[in-house]
file structure02.tsv (TSV, C-alpha atoms)
chain	number	residue	atom	x	y	z
A	252	MET	CA	20.48	-60.20	40.66
A	253	ARG	CA	19.49	-62.71	43.27
A	254	GLU	CA	16.64	-61.81	45.61
A	255	LYS	CA	17.83	-60.51	48.95
A	256	GLN	CA	17.53	-62.91	51.86
A	257	LYS	CA	16.29	-61.68	55.22
A	258	ALA	CA	18.47	-61.97	58.29
A	259	LEU	CA	18.28	-61.41	62.02
A	260	LEU	CA	21.46	-59.95	63.54
A	261	ILE	CA	22.62	-61.04	67.00
A	262	GLY	CA	25.46	-59.57	69.04
A	263	VAL	CA	26.81	-59.81	72.58
A	264	ASN	CA	28.20	-56.70	74.23
A	265	ILE	CA	31.01	-57.86	76.53
A	266	HIS	CA	31.71	-55.49	79.43
A	267	HIS	CA	29.71	-52.64	77.83
A	268	GLN	CA	32.03	-51.87	74.88
A	269	ALA	CA	31.75	-48.25	73.81
A	270	ASP	CA	31.86	-49.14	70.09
A	271	PHE	CA	29.38	-52.02	70.23
A	272	SER	CA	26.58	-50.22	68.35
A	273	TYR	CA	29.06	-49.33	65.59
A	274	SER	CA	30.13	-52.98	65.40
A	275	MET	CA	26.49	-54.06	64.93
A	276	LYS	CA	25.99	-51.41	62.25
A	277	GLU	CA	29.09	-52.69	60.49
A	278	LEU	CA	27.69	-56.24	60.69
A	279	ALA	CA	24.59	-55.00	58.85
A	280	ASN	CA	26.83	-53.42	56.20
A	281	LEU	CA	28.75	-56.67	55.80
A	282	ALA	CA	25.43	-58.50	55.36
A	283	ALA	CA	24.29	-55.93	52.78
A	284	ALA	CA	27.54	-56.53	50.86
A	285	CYS	CA	26.41	-60.19	50.63
A	286	GLN	CA	22.95	-59.19	49.35
A	287	ILE	CA	21.37	-59.96	52.72
A	288	GLU	CA	18.77	-57.61	54.24
A	289	SER	CA	18.94	-57.09	58.00
A	290	VAL	CA	15.35	-57.00	59.30
A	291	ALA	CA	15.92	-56.93	63.08
A	292	GLU	CA	18.61	-57.34	65.71
A	293	VAL	CA	18.96	-58.91	69.14
A	294	THR	CA	21.65	-57.74	71.56
A	295	GLN	CA	22.64	-58.83	75.04
A	296	ASN	CA	25.04	-57.50	77.68
A	297	LEU	CA	27.14	-60.31	79.14
A	298	ASN	CA	30.41	-60.68	81.03
A	299	ARG	CA	31.40	-63.51	78.70
A	300	ILE	CA	30.07	-65.39	75.67
A	301	ASN	CA	27.82	-68.39	76.37
A	302	LYS	CA	29.98	-71.34	75.24
A	303	THR	CA	26.96	-73.41	74.27
A	304	LEU	CA	24.61	-70.97	72.55
A	305	TYR	CA	26.58	-67.67	72.37
A	306	ILE	CA	23.57	-65.91	73.97
A	307	GLY	CA	21.45	-66.76	77.02
A	308	THR	CA	18.39	-69.05	76.84
A	309	GLY	CA	16.05	-66.09	77.43
A	310	LYS	CA	17.41	-64.38	74.32
A	311	ILE	CA	16.90	-67.61	72.37
A	312	GLU	CA	13.14	-67.33	73.07
A	313	GLU	CA	13.16	-63.65	72.01
A	314	THR	CA	15.00	-64.61	68.83
A	315	LEU	CA	12.44	-67.32	68.01
A	316	ARG	CA	9.60	-64.77	68.35
A	317	LEU	CA	11.40	-62.30	66.06
A	318	LEU	CA	12.07	-65.01	63.49
A	319	GLU	CA	8.34	-65.74	63.32
A	320	GLU	CA	7.46	-62.04	63.05
A	321	THR	CA	10.04	-61.16	60.38
A	322	ASN	CA	10.21	-64.43	58.40
A	323	ALA	CA	14.00	-64.15	58.48
A	324	GLU	CA	15.74	-67.12	56.86
A	325	ILE	CA	19.21	-66.54	58.31
A	326	VAL	CA	20.59	-65.63	61.73
A	327	ILE	CA	23.91	-63.76	61.68
A	328	PHE	CA	26.14	-63.51	64.75
A	329	ASN	CA	28.60	-60.69	65.37
A	330	ASP	CA	31.47	-62.97	66.48
A	331	GLU	CA	33.14	-66.11	65.19
A	332	LEU	CA	31.21	-69.17	66.36
A	333	SER	CA	32.55	-72.61	67.22
A	334	ALA	CA	31.29	-75.77	65.50
A	335	THR	CA	29.36	-76.68	68.66
A	336	GLN	CA	27.69	-73.27	68.87
A	337	ILE	CA	26.64	-73.41	65.19
A	338	ARG	CA	25.15	-76.91	65.63
A	339	ASN	CA	23.32	-76.01	68.86
A	340	LEU	CA	21.97	-72.73	67.48
A	341	GLU	CA	20.69	-74.30	64.27
A	342	GLU	CA	18.90	-76.96	66.33
A	343	GLU	CA	17.35	-74.34	68.64
A	344	LEU	CA	16.41	-71.78	65.98
A	345	GLY	CA	15.62	-73.98	62.98
A	346	ARG	CA	17.38	-71.52	60.69
A	347	ARG	CA	20.71	-71.31	58.91
A	348	VAL	CA	23.30	-69.78	61.25
A	349	ILE	CA	26.34	-67.85	60.01
A	350	ASP	CA	28.87	-65.69	61.79
A	351	ARG	CA	30.84	-62.53	61.04
A	352	THR	CA	33.77	-64.53	59.70
A	353	MET	CA	31.57	-66.36	57.17
A	354	LEU	CA	30.25	-63.01	55.90
A	355	ILE	CA	33.73	-61.60	55.40
A	356	LEU	CA	34.93	-64.79	53.69
A	357	ASP	CA	31.92	-64.63	51.34
A	358	ILE	CA	32.67	-61.01	50.43
A	359	PHE	CA	36.33	-61.83	49.79
A	360	ALA	CA	35.38	-64.83	47.64
A	361	THR	CA	33.06	-62.64	45.54
A	362	ARG	CA	35.55	-59.76	45.10
A	363	ALA	CA	38.78	-61.71	44.49
A	364	LYS	CA	39.84	-61.17	40.86
A	365	THR	CA	43.45	-62.30	40.50
A	366	ARG	CA	44.49	-65.93	40.85
A	367	GLU	CA	46.59	-65.10	43.91
A	368	ALA	CA	43.68	-63.44	45.73
A	369	GLN	CA	41.33	-66.30	44.81
A	370	LEU	CA	43.79	-68.86	46.17
A	371	GLN	CA	44.32	-66.88	49.36
A	372	VAL	CA	40.57	-66.63	49.99
A	373	GLU	CA	39.96	-70.31	49.24
A	374	VAL	CA	42.75	-71.40	51.64
A	375	ALA	CA	41.26	-69.17	54.36
A	376	ARG	CA	37.76	-70.56	53.72
A	377	LEU	CA	38.92	-74.19	53.91
A	378	LYS	CA	40.91	-73.57	57.10
A	379	TYR	CA	37.80	-72.01	58.62
A	380	MET	CA	35.70	-75.02	57.58
A	381	LEU	CA	38.14	-77.67	58.80
A	382	PRO	CA	37.20	-77.64	62.52
A	383	ARG	CA	33.55	-76.97	61.66
A	384	ILE	CA	32.66	-80.06	59.64
A	385	ILE	CA	29.31	-80.85	61.14
A	386	GLY	CA	27.66	-84.07	59.99
A	387	GLN	CA	23.89	-84.12	59.83
A	388	ARG	CA	22.42	-86.38	62.52
A	389	GLU	CA	20.65	-88.62	60.07
A	390	SER	CA	23.94	-89.43	58.24
A	391	LEU	CA	25.92	-90.15	61.39
A	392	GLY	CA	26.14	-93.72	62.65
A	393	ARG	CA	26.97	-94.66	66.23
A	394	GLN	CA	30.68	-94.86	66.92
A	395	GLY	CA	31.91	-98.39	67.37
A	396	GLY	CA	34.03	-99.47	70.32
A	397	GLY	CA	37.74	-100.19	70.24
A	398	VAL	CA	40.33	-98.52	68.07
A	399	GLY	CA	41.16	-98.50	64.38
A	400	LEU	CA	39.18	-97.41	61.35
A	401	LYS	CA	37.23	-100.70	61.01
A	402	ASN	CA	35.49	-100.19	64.34
A	403	ARG	CA	34.42	-96.60	63.71
A	404	GLY	CA	30.87	-95.57	62.95
A	405	ALA	CA	29.87	-94.47	59.46
A	406	GLY	CA	29.53	-90.84	60.57
A	407	GLU	CA	33.00	-90.67	62.06
A	408	THR	CA	34.50	-92.33	58.98
A	409	LYS	CA	32.78	-89.82	56.68
A	410	LEU	CA	33.95	-86.86	58.77
A	411	GLU	CA	37.52	-88.12	58.73
A	412	LEU	CA	37.41	-88.56	54.94
A	413	ASP	CA	35.99	-85.03	54.58
A	414	ARG	CA	38.77	-83.67	56.76
A	415	ARG	CA	41.40	-85.49	54.72
A	416	LYS	CA	39.96	-84.10	51.47
A	417	ILE	CA	40.03	-80.57	52.85
A	418	GLU	CA	43.57	-80.94	54.18
A	419	ALA	CA	44.73	-82.33	50.80
A	420	LYS	CA	43.08	-79.43	48.96
A	421	ILE	CA	44.66	-76.87	51.33
A	422	ALA	CA	48.08	-78.43	50.68
A	423	ALA	CA	47.55	-78.32	46.89
A	424	LEU	CA	46.37	-74.70	46.96
A	425	ASN	CA	49.26	-73.67	49.21
A	426	LYS	CA	51.71	-75.22	46.75
A	427	GLU	CA	50.26	-73.18	43.88
A	428	LEU	CA	50.19	-70.11	46.10
A	429	GLU	CA	53.87	-70.53	47.01
A	430	ALA	CA	54.81	-70.26	43.33
A	431	LEU	CA	52.89	-66.97	43.02
A	432	VAL	CA	54.38	-65.69	46.29
A	433	SER	CA	57.86	-66.52	44.98
A	434	GLN	CA	57.09	-64.59	41.80
A	435	ARG	CA	55.90	-61.61	43.86
A	436	GLU	CA	59.07	-61.80	45.98
A	437	THR	CA	61.21	-61.68	42.81
A	438	GLN	CA	59.33	-58.59	41.61
A	439	ARG	CA	59.75	-57.02	45.04
A	440	ASN	CA	63.50	-57.64	45.02
A	441	GLN	CA	63.82	-56.14	41.53
A	442	ARG	CA	62.01	-53.02	42.71
A	443	LYS	CA	64.30	-52.72	45.73
A	444	LYS	CA	67.38	-53.00	43.50
A	445	SER	CA	66.07	-50.16	41.33
A	446	GLY	CA	66.28	-47.84	44.35
A	447	VAL	CA	62.80	-46.40	43.63
A	448	PRO	CA	61.04	-45.77	46.98
A	449	LEU	CA	57.87	-47.73	47.80
A	450	VAL	CA	54.93	-46.05	49.54
A	451	SER	CA	52.04	-48.23	50.75
A	452	LEU	CA	48.46	-47.17	51.37
A	453	VAL	CA	46.96	-49.08	54.30
A	454	GLY	CA	43.86	-48.65	56.42
A	455	TYR	CA	40.34	-49.72	57.25
A	456	THR	CA	38.10	-50.92	54.44
A	457	ASN	CA	36.29	-48.15	52.54
A	458	ALA	CA	38.52	-45.39	53.96
A	459	GLY	CA	39.41	-44.15	50.47
A	460	LYS	CA	42.80	-45.75	49.69
A	461	SER	CA	41.97	-46.41	46.03
A	462	THR	CA	40.51	-42.91	45.64
A	463	ILE	CA	43.76	-41.40	46.93
A	464	MET	CA	45.79	-43.60	44.57
A	465	ASN	CA	43.71	-42.53	41.57
A	466	ALA	CA	43.94	-38.85	42.56
A	467	LEU	CA	47.76	-39.13	42.70
A	468	LEU	CA	47.76	-40.96	39.33
A	469	ARG	CA	45.76	-38.11	37.77
A	470	ARG	CA	48.24	-35.61	39.25
A	471	SER	CA	51.06	-37.50	37.57
A	472	ARG	CA	49.12	-37.49	34.29
A	473	GLN	CA	48.88	-41.28	34.07
A	474	SER	CA	46.56	-42.82	31.50
A	475	PHE	CA	43.05	-43.79	32.63
A	476	ASN	CA	43.75	-47.54	32.29
A	477	LYS	CA	46.36	-47.24	35.07
A	478	GLN	CA	43.67	-46.29	37.58
A	479	VAL	CA	42.45	-48.83	40.13
A	480	PHE	CA	38.87	-49.81	40.91
A	481	GLU	CA	37.22	-47.55	43.46
A	482	LYS	CA	33.72	-47.67	44.91
A	483	ASP	CA	31.95	-46.72	48.14
A	484	MET	CA	31.69	-50.29	49.39
A	485	LEU	CA	33.39	-52.65	51.86
A	486	PHE	CA	36.44	-54.46	50.46
A	487	ALA	CA	36.19	-52.97	46.96
A	488	THR	CA	39.90	-53.78	46.52
A	489	LEU	CA	41.44	-57.13	47.42
A	490	ASP	CA	44.34	-57.27	45.00
A	491	THR	CA	47.50	-55.29	45.72
A	492	SER	CA	48.08	-52.78	42.92
A	493	VAL	CA	51.44	-51.07	42.43
A	494	ARG	CA	51.73	-47.95	40.27
A	495	LYS	CA	54.64	-45.68	39.41
A	496	ILE	CA	53.95	-42.06	40.37
A	497	LYS	CA	55.99	-39.16	39.00
A	498	LEU	CA	54.73	-35.71	39.89
A	499	ALA	CA	56.06	-32.42	38.54
A	500	ASN	CA	59.54	-31.59	39.92
A	501	HIS	CA	59.62	-34.87	41.81
A	502	GLN	CA	61.43	-38.13	41.39
A	503	PRO	CA	59.25	-41.21	40.80
A	504	PHE	CA	58.07	-43.45	43.59
A	505	LEU	CA	56.00	-46.63	43.66
A	506	LEU	CA	52.59	-46.52	45.32
A	507	SER	CA	50.84	-49.73	46.43
A	508	ASP	CA	47.17	-50.08	47.35
A	509	THR	CA	46.48	-52.98	49.73
A	510	VAL	CA	43.41	-54.87	50.94
A	511	GLY	CA	41.44	-52.99	53.59
A	512	PHE	CA	41.17	-54.08	57.21
A	513	VAL	CA	38.06	-54.57	59.32
A	514	ASP	CA	37.34	-55.20	62.99
A	515	LYS	CA	37.57	-58.90	63.86
A	516	LEU	CA	39.23	-59.66	60.53
A	517	PRO	CA	39.44	-63.48	60.49
A	518	HIS	CA	42.93	-64.62	61.44
A	519	HIS	CA	42.84	-67.16	58.59
A	520	LEU	CA	42.42	-64.26	56.16
A	521	VAL	CA	45.20	-62.25	57.77
A	522	LYS	CA	47.46	-65.28	57.48
A	523	ALA	CA	46.37	-66.04	53.91
A	524	PHE	CA	46.92	-62.46	52.75
A	525	ARG	CA	50.22	-62.13	54.62
A	526	SER	CA	52.29	-62.42	51.42
A	527	THR	CA	50.21	-59.69	49.78
A	528	LEU	CA	50.26	-57.44	52.82
A	529	GLU	CA	54.01	-57.89	53.20
A	530	GLU	CA	54.23	-55.39	50.34
A	531	ALA	CA	53.66	-52.84	53.10
A	532	ALA	CA	56.39	-54.37	55.29
A	533	THR	CA	59.04	-53.51	52.69
A	534	ALA	CA	57.72	-49.97	52.17
A	535	ASP	CA	59.78	-46.87	52.82
A	536	LEU	CA	56.63	-45.09	54.01
A	537	LEU	CA	53.10	-46.09	55.09
A	538	ILE	CA	50.12	-43.84	54.49
A	539	VAL	CA	47.44	-44.86	56.99
A	540	VAL	CA	44.17	-43.74	55.39
A	541	VAL	CA	41.42	-42.93	57.91
A	542	ASP	CA	37.73	-42.21	57.27
A	543	PHE	CA	37.59	-39.01	59.32
A	544	SER	CA	33.82	-38.68	58.74
A	545	SER	CA	33.23	-41.78	60.86
A	546	PRO	CA	32.37	-41.03	64.51
A	547	ASN	CA	34.46	-44.10	65.38
A	548	TYR	CA	37.53	-43.10	63.39
A	549	GLN	CA	39.86	-43.68	66.36
A	550	LYS	CA	38.64	-47.28	66.56
A	551	LEU	CA	39.41	-47.66	62.84
A	552	ILE	CA	42.96	-46.44	63.47
A	553	ASP	CA	43.36	-48.87	66.38
A	554	VAL	CA	42.18	-51.83	64.25
A	555	THR	CA	44.57	-50.82	61.44
A	556	ASN	CA	47.54	-50.54	63.80
A	557	GLN	CA	46.69	-53.85	65.48
A	558	THR	CA	46.41	-55.65	62.12
A	559	LEU	CA	49.75	-54.21	60.98
A	560	LYS	CA	51.28	-55.44	64.22
A	561	GLU	CA	49.84	-58.95	63.65
A	562	ILE	CA	51.47	-59.05	60.22
A	563	GLY	CA	54.76	-57.92	61.75
A	564	ILE	CA	54.83	-54.45	60.20
A	565	GLU	CA	56.51	-52.13	62.67
A	566	ASN	CA	59.12	-49.39	62.62
A	567	VAL	CA	58.07	-48.09	59.18
A	568	PRO	CA	57.59	-44.27	58.94
A	569	VAL	CA	53.90	-43.31	58.89
A	570	ILE	CA	51.75	-40.47	57.56
A	571	TYR	CA	48.10	-40.33	58.67
A	572	ALA	CA	45.76	-39.22	55.88
A	573	TYR	CA	42.42	-38.23	57.41
A	574	ASN	CA	40.24	-38.63	54.34
A	575	LYS	CA	36.60	-37.49	53.81
A	576	ALA	CA	37.34	-34.44	55.99
A	577	ASP	CA	35.07	-32.42	53.67
A	578	LEU	CA	32.15	-34.18	55.39
A	579	VAL	CA	33.27	-32.74	58.75
A	580	ASP	CA	33.11	-29.07	59.72
A	581	ILE	CA	36.85	-28.31	59.51
A	582	GLU	CA	39.00	-26.35	57.10
A	583	ILE	CA	40.86	-28.47	54.55
A	584	PRO	CA	43.56	-29.12	53.58
A	585	GLN	CA	45.01	-28.96	57.07
A	586	LEU	CA	48.40	-30.23	58.17
A	587	LYS	CA	49.18	-31.16	61.79
A	588	GLY	CA	52.56	-32.80	62.26
A	589	GLU	CA	52.43	-36.20	60.54
A	590	SER	CA	48.67	-35.89	59.92
A	591	LEU	CA	46.95	-34.40	56.88
A	592	TYR	CA	43.20	-33.70	56.69
A	593	LEU	CA	42.00	-33.94	53.10
A	594	SER	CA	39.31	-35.02	50.67
A	595	ALA	CA	40.49	-37.45	48.02
A	596	LYS	CA	37.13	-37.37	46.22
A	597	GLN	CA	37.26	-33.56	45.92
A	598	GLU	CA	41.05	-33.75	45.33
A	599	VAL	CA	41.62	-31.21	48.09
A	600	GLY	CA	44.92	-31.89	49.88
A	601	ILE	CA	46.39	-34.24	47.26
A	602	GLU	CA	49.15	-31.78	46.38
A	603	GLU	CA	49.99	-31.44	50.09
A	604	LEU	CA	50.06	-35.22	50.43
A	605	ALA	CA	52.48	-35.48	47.48
A	606	LYS	CA	54.78	-32.94	49.15
A	607	MET	CA	54.67	-34.89	52.43
A	608	ILE	CA	55.55	-38.12	50.60
A	609	SER	CA	58.45	-36.45	48.75
A	610	GLY	CA	59.76	-34.85	51.93
A	611	ARG	CA	60.00	-38.25	53.63
A	612	VAL	CA	61.09	-40.68	50.92
A	613	PHE	CA	63.50	-38.37	49.07
A	614	LYS	CA	65.24	-36.80	52.05
A	615	ASN	CA	68.44	-38.81	51.47
A	616	GLN	CA	68.74	-38.05	47.76
A	617	ILE	CA	72.13	-37.07	46.34
A	618	HIS	CA	72.57	-33.71	44.63
A	619	CYS	CA	75.18	-33.78	41.85
A	620	ASP	CA	76.22	-32.58	38.37
A	621	MET	CA	76.68	-35.03	35.51
A	622	LEU	CA	78.19	-34.56	32.06
A	623	ILE	CA	76.76	-37.09	29.64
A	624	PRO	CA	78.22	-37.56	26.13
A	625	PHE	CA	75.88	-36.82	23.24
A	626	ASP	CA	76.07	-40.44	22.05
A	627	ASP	CA	74.56	-41.60	25.36
A	628	GLY	CA	71.22	-39.84	24.99
A	629	ARG	CA	69.35	-42.78	26.51
A	630	LEU	CA	70.88	-41.97	29.90
A	631	VAL	CA	69.60	-38.39	29.65
A	632	SER	CA	66.11	-39.78	28.99
A	633	TYR	CA	66.48	-42.24	31.89
A	634	LEU	CA	67.47	-39.50	34.35
A	635	ASN	CA	64.65	-37.24	33.19
A	636	GLU	CA	62.28	-40.09	33.93
A	637	ASN	CA	63.81	-41.46	37.13
A	638	ALA	CA	65.53	-38.51	38.83
A	639	ASN	CA	64.71	-34.91	39.60
A	640	VAL	CA	66.53	-32.92	36.89
A	641	LEU	CA	67.01	-29.41	38.25
A	642	ALA	CA	68.93	-27.89	35.31
A	643	THR	CA	70.02	-28.84	31.79
A	644	SER	CA	72.74	-27.20	29.66
A	645	PHE	CA	74.98	-28.16	26.75
A	646	ASP	CA	78.68	-27.79	25.91
A	647	ASP	CA	81.10	-29.29	23.39
A	648	ASN	CA	81.48	-32.52	25.39
A	649	GLY	CA	77.81	-33.36	25.97
A	650	THR	CA	74.73	-32.65	28.08
A	651	LYS	CA	75.27	-31.25	31.55
A	652	LEU	CA	72.58	-32.12	34.11
A	653	THR	CA	72.12	-30.97	37.69
A	654	VAL	CA	70.15	-33.74	39.34
A	655	GLU	CA	68.83	-35.18	42.57
A	656	CYS	CA	68.98	-38.97	42.38
A	657	ASN	CA	68.97	-42.04	44.59
A	658	ARG	CA	72.21	-43.66	45.75
A	659	ASN	CA	71.79	-46.60	43.34
A	660	ASP	CA	71.80	-44.33	40.28
A	661	PHE	CA	74.56	-42.14	41.72
A	662	GLU	CA	76.87	-45.15	42.11
A	663	ARG	CA	75.84	-46.73	38.79
A	664	TYR	CA	76.63	-43.57	36.81
A	665	GLN	CA	79.57	-42.38	38.92
A	666	GLN	CA	81.73	-42.06	35.78
A	667	TYR	CA	79.62	-39.14	34.55
A	668	VAL	CA	79.67	-37.17	37.83
A	669	ILE	CA	81.70	-33.96	37.64

call {"tool": "encode", "arguments": {"input": "structure02.tsv", "output": "structure tokens"}}
result
Amino acid sequence: MREKQKALLIGVNIHHQADFSYSMKELANLAAACQIESVAEVTQNLNRINKTLYIGTGKIEETLRLLEETNAEIVIFNDELSATQIRNLEEELGRRVIDRTMLILDIFATRAKTREAQLQVEVARLKYMLPRIIGQRESLGRQGGGVGLKNRGAGETKLELDRRKIEAKIAALNKELEALVSQRETQRNQRKKSGVPLVSLVGYTNAGKSTIMNALLRRSRQSFNKQVFEKDMLFATLDTSVRKIKLANHQPFLLSDTVGFVDKLPHHLVKAFRSTLEEAATADLLIVVVDFSSPNYQKLIDVTNQTLKEIGIENVPVIYAYNKADLVDIEIPQLKGESLYLSAKQEVGIEELAKMISGRVFKNQIHCDMLIPFDDGRLVSYLNENANVLATSFDDNGTKLTVECNRNDFERYQQYVI
């Protein structure tokens, strides 16, 4: 493991935000996820961000003193900085300057496992870099007068070439990404044709989405290799995982686990992951997973809802799963309207969650009797796997089933309905 670097955290509290201290704590957690140790922090109350240096000149002097005392090598800012601010701050502080967006991009780059996720992160990183190409002063020549490339200084020429390289790389990556997105779209359309409902887990990072998915997989007696990665860390899951869940006396449904959200999630990342997150847009039901043990859980809900709105996900039925409720002094499981208080880690409330899901996604199922000839035993197996078989009996003509099934299967096997 690489040795942890030391960092000084800096944040500006605009108009005395109530959740500012939580935002700074989260910045420290993001830094820790990048193997960076936060040794001190500087905060300032302002009506607006300083366009030149982000913070006031007085705070620059305080920061310089702290840098000497702590030997911090990096200064991390709690907001996205402009190219000008980064250049000015590095000149003033004599240290490497990074912002919240850079931290999140670094975490995503480290955690991305599938080719699609890696491409999405790289596109977002390059788009972030594009307006921030800062040439070092010693490599920049004076700009020449007039117009045209021949009259430009060496520095400007180099910057333009760098920009062109980045733009060309973004175009190439987007082309490869489009092919993967098209493949995902085909899979999505096939799932929709099957008539099997899709339920999507969404929510703030580290709220417990993967833990809930694994708990439901265990309930449906799925093999261990079907489980998804779960860990108490920010952005443990970047890749959308889809699993088929079939609980006792229930029809199957598909459950997808999506990338977690975070406050000030870089818009380049939101845009890059749009194709992945659109899995949730086609869902029949969203389960918004909330870390109820967080004192700022309402803020986490607000960020989740705002991010969903940015992606264009609206008018999809929602269940709120208040996870980690075992860490709060309330009785669990507890159901209040469309909200369920549970503990995925303790698997308390998972059965109630399954019932809520079934009650919402299977409410339009068709109840019917079918008589299936003995020589069509594969259909009996199919219905046992993909419908809710309420009763089975036999007569001279075949197997009689009383089932609840989706409209697709009802219409497909209409000839057997009695």

call {"tool": "closest_residue", "arguments": {"input": "structure02.tsv", "among": "A:Asn615, A:Val554, A:Asn659, A:Gln268", "to": "Leu516 (chain A)", "atoms": "all atoms listed in the file"}}
result
A:Val554

call {"tool": "closest_residue", "arguments": {"input": "structure02.tsv", "among": "A:Tyr455, A:Leu485, A:Pro624, A:Glu662", "to": "Asn574 (chain A)", "atoms": "only C-alpha atoms"}}
result
A:Tyr455

call {"tool": "residues_around", "arguments": {"input": "structure02.tsv", "residues": "region 332-341 of chain A", "least_positions_apart": "3", "cutoff": "8 Å", "atoms": "all atoms listed in the file", "output": "PDB file with C-alpha atoms, in the frame of the given file"}}
result
ATOM      1  CA  LYS A 302      29.980 -71.340  75.240  1.00  0.00           C
ATOM      2  CA  THR A 303      26.960 -73.410  74.270  1.00  0.00           C
ATOM      3  CA  LEU A 304      24.610 -70.970  72.550  1.00  0.00           C
ATOM      4  CA  TYR A 305      26.580 -67.670  72.370  1.00  0.00           C
ATOM      5  CA  PHE A 328      26.140 -63.510  64.750  1.00  0.00           C
ATOM      6  CA  LEU A 344      16.410 -71.780  65.980  1.00  0.00           C
ATOM      7  CA  GLY A 345      15.620 -73.980  62.980  1.00  0.00           C
ATOM      8  CA  ARG A 346      17.380 -71.520  60.690  1.00  0.00           C
ATOM      9  CA  ARG A 347      20.710 -71.310  58.910  1.00  0.00           C
ATOM     10  CA  VAL A 348      23.300 -69.780  61.250  1.00  0.00           C
ATOM     11  CA  ILE A 349      26.340 -67.850  60.010  1.00  0.00           C
ATOM     12  CA  ASP A 350      28.870 -65.690  61.790  1.00  0.00           C
ATOM     13  CA  PRO A 382      37.200 -77.640  62.520  1.00  0.00           C
ATOM     14  CA  ARG A 383      33.550 -76.970  61.660  1.00  0.00           C
ATOM     15  CA  ILE A 384      32.660 -80.060  59.640  1.00  0.00           C
ATOM     16  CA  ILE A 385      29.310 -80.850  61.140  1.00  0.00           C
TER      17      ILE A 385
END

call {"tool": "atom_distance", "arguments": {"input": "structure02.tsv", "atom1": "CA of Val569 (chain A)", "atom2": "CA of Val539 (chain A)"}}
result
6.9 Å

call {"tool": "atom_distance", "arguments": {"input": "structure02.tsv", "atom1": "CA of Gly511 (chain A)", "atom2": "CA of Pro448 (chain A)"}}
result
21.9 Å

call {"tool": "axis_aligned_box", "arguments": {"input": "structure02.tsv", "around": "region 464-470 of chain A", "padding_each_side": "3 Å", "output": "lines of an AutoDock Vina configuration file"}}
result
center_x = 46.0
center_y = -39.6
center_z = 41.2
size_x = 10.5
size_y = 14.0
size_z = 12.8

call {"tool": "residues_around", "arguments": {"input": "structure02.tsv", "residues": "Thr352 (chain A)", "least_positions_apart": "2", "cutoff": "10 Å", "atoms": "all atoms listed in the file", "output": "ChimeraX atom specification"}}
result
/A:328-332,349-350,354-358,376,379,515-520

call {"tool": "residues_around", "arguments": {"input": "structure02.tsv", "residues": "Lys255 (chain A)", "least_positions_apart": "5", "cutoff": "12 Å", "atoms": "all atoms listed in the file", "output": "VMD selection string"}}
result
chain A and resid 282 to 290 323 to 325

call {"tool": "write_last_selection", "arguments": {"input": "structure02.tsv", "atoms": "C-alpha atoms", "output": "mmCIF file, in the frame of the given file"}}
result
data_model
loop_
_atom_site.group_PDB
_atom_site.id
_atom_site.type_symbol
_atom_site.label_atom_id
_atom_site.label_comp_id
_atom_site.auth_asym_id
_atom_site.auth_seq_id
_atom_site.Cartn_x
_atom_site.Cartn_y
_atom_site.Cartn_z
ATOM 1 C CA ALA A 282 25.430 -58.500 55.360
ATOM 2 C CA ALA A 283 24.290 -55.930 52.780
ATOM 3 C CA ALA A 284 27.540 -56.530 50.860
ATOM 4 C CA CYS A 285 26.410 -60.190 50.630
ATOM 5 C CA GLN A 286 22.950 -59.190 49.350
ATOM 6 C CA ILE A 287 21.370 -59.960 52.720
ATOM 7 C CA GLU A 288 18.770 -57.610 54.240
ATOM 8 C CA SER A 289 18.940 -57.090 58.000
ATOM 9 C CA VAL A 290 15.350 -57.000 59.300
ATOM 10 C CA ALA A 323 14.000 -64.150 58.480
ATOM 11 C CA GLU A 324 15.740 -67.120 56.860
ATOM 12 C CA ILE A 325 19.210 -66.540 58.310
#

call {"tool": "closest_residue", "arguments": {"input": "structure02.tsv", "among": "A:Ser492, A:Thr314, A:Asn635, A:Thr555", "to": "Thr365 (chain A)", "atoms": "only C-alpha atoms"}}
result
A:Ser492

call {"tool": "residues_around", "arguments": {"input": "structure02.tsv", "residues": "Val631 (chain A)", "least_positions_apart": "4", "cutoff": "12 Å", "atoms": "all atoms listed in the file", "output": "list in words"}}
result
Met621, Leu622, Ile623, Pro624, Phe625, Asp626, Asp627, Asn635, Glu636, Asn637, Ala638, Asn639, Val640, Ala642, Thr643, Ser644, Phe645, Gly649, Thr650, Lys651, Leu652, Thr653, Val654, Tyr664 and Tyr667 of chain A

call {"tool": "closest_residue", "arguments": {"input": "structure02.tsv", "among": "A:Leu260, A:Leu281, A:Thr437, A:Arg316", "to": "Val293 (chain A)", "atoms": "all atoms listed in the file"}}
result
A:Leu260

call {"tool": "atom_distance", "arguments": {"input": "structure02.tsv", "atom1": "CA of Gln295 (chain A)", "atom2": "CA of Lys310 (chain A)"}}
result
7.7 Å

call {"tool": "closest_residue", "arguments": {"input": "structure02.tsv", "among": "A:Glu436, A:Asp508, A:Glu373, A:Glu602", "to": "Ala422 (chain A)", "atoms": "all atoms listed in the file"}}
result
A:Glu373

call {"tool": "closest_residue", "arguments": {"input": "structure02.tsv", "among": "A:Asn264, A:Thr321, A:Ser471, A:Asn440", "to": "Glu530 (chain A)", "atoms": "only C-alpha atoms"}}
result
A:Asn440

call {"tool": "residues_around", "arguments": {"input": "structure02.tsv", "residues": "Val450 (chain A)", "least_positions_apart": "5", "cutoff": "7 Å", "atoms": "only C-alpha atoms", "output": "PyMOL selection string"}}
result
chain A and resi 505-507+534-537
